[in-house]
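Engineer: I am attaching a structure below and will ask some questions about it afterwards.
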Amino acid sequence: MDRRLALVTGASAGIGAAFARIFASHGYDVALTARRADRLETLAEEIRMRAGVETLTIPADLARAEAPQDILDHLAANGRVVDALVNNAGYGLPGAYANTSWKDQQAFLQVMVTAPCELAHKVLPGMVERRFGRIVNVASLAGLIPGSAGHTLYGATKALMIRFSQSLHLETADQGVHVTALCPGFTYSEFHDVNGTRAQISASTPPWLWLGADEVAATGYEAVEANRAVCVPGAPNKAIAAFTKLIPDDWGLALMASQGPKFRKM
């Protein structure tokens with residue numbers, strides 16, 4: 001195929017769907033993967049009609065260890081390689097760590113860390129060989145601020161993805177591959193509906209802290225094209241990230257202890 005291909009995980013809604021639309025608008029064919037096949041097909045048809053590019057849908061659950069390789073095998077069977085990868089799939093796991101099951105935490109780590117790292121590892125050699133590649137790891141502002149009680153591994157996984165992206169960015173800087181960690185704050189999407197915190201967070205956060213998924217994805221696309229290692233969308237989020245770097249760790253933890261219950265479910 002003449003057109004490059006962008007693979008977007010968690011593409012059925014929110015930031016993932018927005019990324020799929022943006023890459024398609026820039027002439028990429030798009031491969032969409034998520035658990036909800038019906039949502040993927042609806043989005044694929046919309047993108048085909050609007051952008052005139054090829055779309056592939058690959059229903060998959062990244063909590064399955066086999067899923068990353070299955071996705072890439074499906075693309076290979078269709079004669080396609082990945083030129084751009086958006087590791088967007090993710091969710092929150094509410095509750096105190098001791099009150100959750102290890103099975104749930106293990107699946108969470110598979111989706112949030114192992115699957116995106118595996119996908120990046122497997123598509124990177126081809127990108128380097130072709131001297132072109134784009135990798136966006138959708139992290140979070142939570143990876144740049146002190147941890148809080150509840151959703152115990154969420155911030156930790158996002159911090160890992162940020163450091164991973166920075167290292168990969170340096171490793172590929174002269175090989176035509178751009179790597180960016182996108183760190184949004186509160187974003188209008190289905191994320192908080194899925195984990196049951198929508199009402200809690202809406203009642204405790206001002207509207208000016210929120211961004212739309214389209215705006216977040218557009219900022220992320222611009223950042224990876226410019227090859228910026230870390231991108232924090234929105235002035236309030238940039239200010240929060242900068243502030244937490246400046247204060248002592250114990251102050252940061254005290255702040256999260258007082259404010260965390262507003263947006264973390266125990």
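Chain labels run A, B, ... following the order of the structure tokens; each chain numbers its residues from 1, and ligands are numbered from 1 in the order shown.
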If you run DSSP over the backbone, which residues in stretch 30-128 of chain A end up strand (DSSP E)? Put them as a list in words.
Structural biologist: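 For stretch 30-128 of chain A, the strand (DSSP E) set is Val30, Ala31, Leu32, Thr33, Ala34, Thr55, Leu56, Thr57, Ile58, Pro59, Ala84, Leu85, Val86 and Asn87 of chain A.
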Engineer: Tell me, as a PyMOL selection string, which residues lie within 9 Å of stretch 60-68 of chain A, counting only C-alpha atoms; anything in the same chain fewer than 3 positions away does not count.
Structural biologist: chain A and resi 9+33-37+71-73+89+106-112+114-116+118-119
Engineer: With DSSP run on the backbone, what are the alpha helix (DSSP H) residues within stretch 61-261 of chain A? I'd like them as an MDAnalysis selection string.
Structural biologist: chainID A and resid 67:77 102:109 115:130 154:171 191:194 198:204 213:225 235:246 249:259
Engineer: For atom CA of A:Arg48 and atom CA of A:Val30, determine how far apart the two atoms are, in Å to one decimal place.
Structural biologist: 9.5 Å
Engineer: Can you tell me, as a PyMOL selection string, what residues are no more than 9 Å from stretch 75-80 of chain A when counting only C-alpha atoms, ignoring any on the same chain fewer than 4 positions away?
Structural biologist: chain A and resi 1+4-5+31+56+58+70-71
Engineer: Could you dump the residues just selected with N, CA and C atoms as a compact mmCIF listing (two decimals), in the first residue's frame?
Structural biologist:
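And here's again.txt as it stands now:
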# COMPACT_ATOMS: atom_id res chain seq x y z
N MET A 1 0.84 -1.19 0.00
CA MET A 1 0.00 0.00 0.00
C MET A 1 0.88 1.25 0.00
N ARG A 4 0.77 5.09 4.57
CA ARG A 4 1.25 4.55 5.83
C ARG A 4 0.07 4.12 6.68
N LEU A 5 0.36 3.28 7.68
CA LEU A 5 -0.69 2.73 8.54
C LEU A 5 -0.44 3.13 9.99
N ALA A 31 -5.63 1.19 11.58
CA ALA A 31 -6.04 -0.09 12.15
C ALA A 31 -6.56 0.20 13.54
N LEU A 56 -8.98 -0.90 9.05
CA LEU A 56 -9.04 -2.30 9.47
C LEU A 56 -9.50 -2.32 10.93
N ILE A 58 -9.84 -4.67 14.40
CA ILE A 58 -9.30 -5.88 15.03
C ILE A 58 -9.81 -5.93 16.47
N ASP A 70 -1.40 -11.32 18.25
CA ASP A 70 -2.56 -11.59 17.39
C ASP A 70 -2.88 -10.38 16.52
N ILE A 71 -2.82 -9.19 17.10
CA ILE A 71 -3.11 -7.97 16.35
C ILE A 71 -2.10 -7.80 15.21
Engineer: Near A:Arg3, within 12 Å and counting only C-alpha atoms, which residues show up once chain neighbours fewer than 2 positions away are dropped, as JSON, numbers by chain?
Structural biologist: {"A": [1, 5, 6, 23, 24, 26, 27, 28, 29, 30, 52, 53, 54, 55, 80, 81, 82, 83, 84]}
Engineer: Figure out the distance between atom CA of A:Phe19 and atom CA of A:Ala217, please, to one decimal in Å.
Structural biologist: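 Between atom CA of A:Ala217 and atom CA of A:Phe19 the gap works out to 5.3 Å.
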Engineer: Provide the atom CA of A:Arg134 to atom CA of A:Thr172 distance in Å, to one decimal place.
Structural biologist: 10.4 Å
Engineer: For A:Gly212, which of A:Pro146, A:Gly133, A:Gly126, A:Pro184 is the closest residue, counting only C-alpha atoms?
Structural biologist: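 Counting only C-alpha atoms, the residue closest to A:Gly212 is A:Pro184.
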Engineer: Point out the residue among A:Ala226, A:Leu43, A:Ala20, A:Val128 with the least atom-to-atom distance to A:Asp174, counting only C-alpha atoms.
Structural biologist: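 With only C-alpha atoms as the atom set, the closest residue is A:Val128.
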Engineer: Any idea what's packed within 8 Å of A:Ile145, counting only C-alpha atoms, ignoring anything in its chain fewer than 5 positions away? Could you give it as a ChimeraX atom specification?
Structural biologist: /A:241,244-245,252
Engineer: Which residue gives the smallest distance to A:Phe132 among A:Val86, A:Val179, A:Leu40, A:Cys117, with only C-alpha atoms counted?
Structural biologist: A:Val179
Engineer: Write out as a ChimeraX atom specification each polymer residue whose atoms come within 10 Å of A:Ala173, counting only C-alpha atoms; drop sequence neighbours fewer than 6 positions from it.
Structural biologist: /A:167,179,227,229
Engineer: Convert the current residue selection to file output with N, CA and C atoms, as a PDB file, in the first residue's frame.
Structural biologist:
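The file below, result30.pdb, is the result:
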ATOM      1  N   SER A 167      13.186   7.313  27.285  1.00  0.00           N
ATOM      2  CA  SER A 167      14.348   6.506  26.901  1.00  0.00           C
ATOM      3  C   SER A 167      14.277   6.103  25.432  1.00  0.00           C
ATOM      4  N   VAL A 179       9.063   9.507  19.264  1.00  0.00           N
ATOM      5  CA  VAL A 179       8.374   8.878  20.402  1.00  0.00           C
ATOM      6  C   VAL A 179       7.948   9.958  21.387  1.00  0.00           C
ATOM      7  N   ASN A 227       8.470  15.607  17.511  1.00  0.00           N
ATOM      8  CA  ASN A 227       9.379  14.725  18.253  1.00  0.00           C
ATOM      9  C   ASN A 227       9.696  15.262  19.640  1.00  0.00           C
ATOM     10  N   ALA A 229       9.497  14.602  23.563  1.00  0.00           N
ATOM     11  CA  ALA A 229       9.482  13.377  24.358  1.00  0.00           C
ATOM     12  C   ALA A 229       8.273  13.301  25.280  1.00  0.00           C
TER      13      ALA A 229
END
Engineer: Neighbours of A:Ala96 within 8 Å (only C-alpha atoms; same-chain residues fewer than 2 positions away dropped), as a list of chain:residue names?
Structural biologist: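 So the residues in contact are A:Pro94, A:Ala98, A:Asn99, A:Thr100, A:Ala149, A:Gly150, A:His151, A:Thr152, A:Met266.
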Engineer: Would you mind telling me which residue in A:Thr187, A:Pro248, A:Met49, A:Phe164 lies nearest to A:Pro207 when using only C-alpha atoms?
Structural biologist: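 Closest to A:Pro207 of all the choices is A:Thr187.
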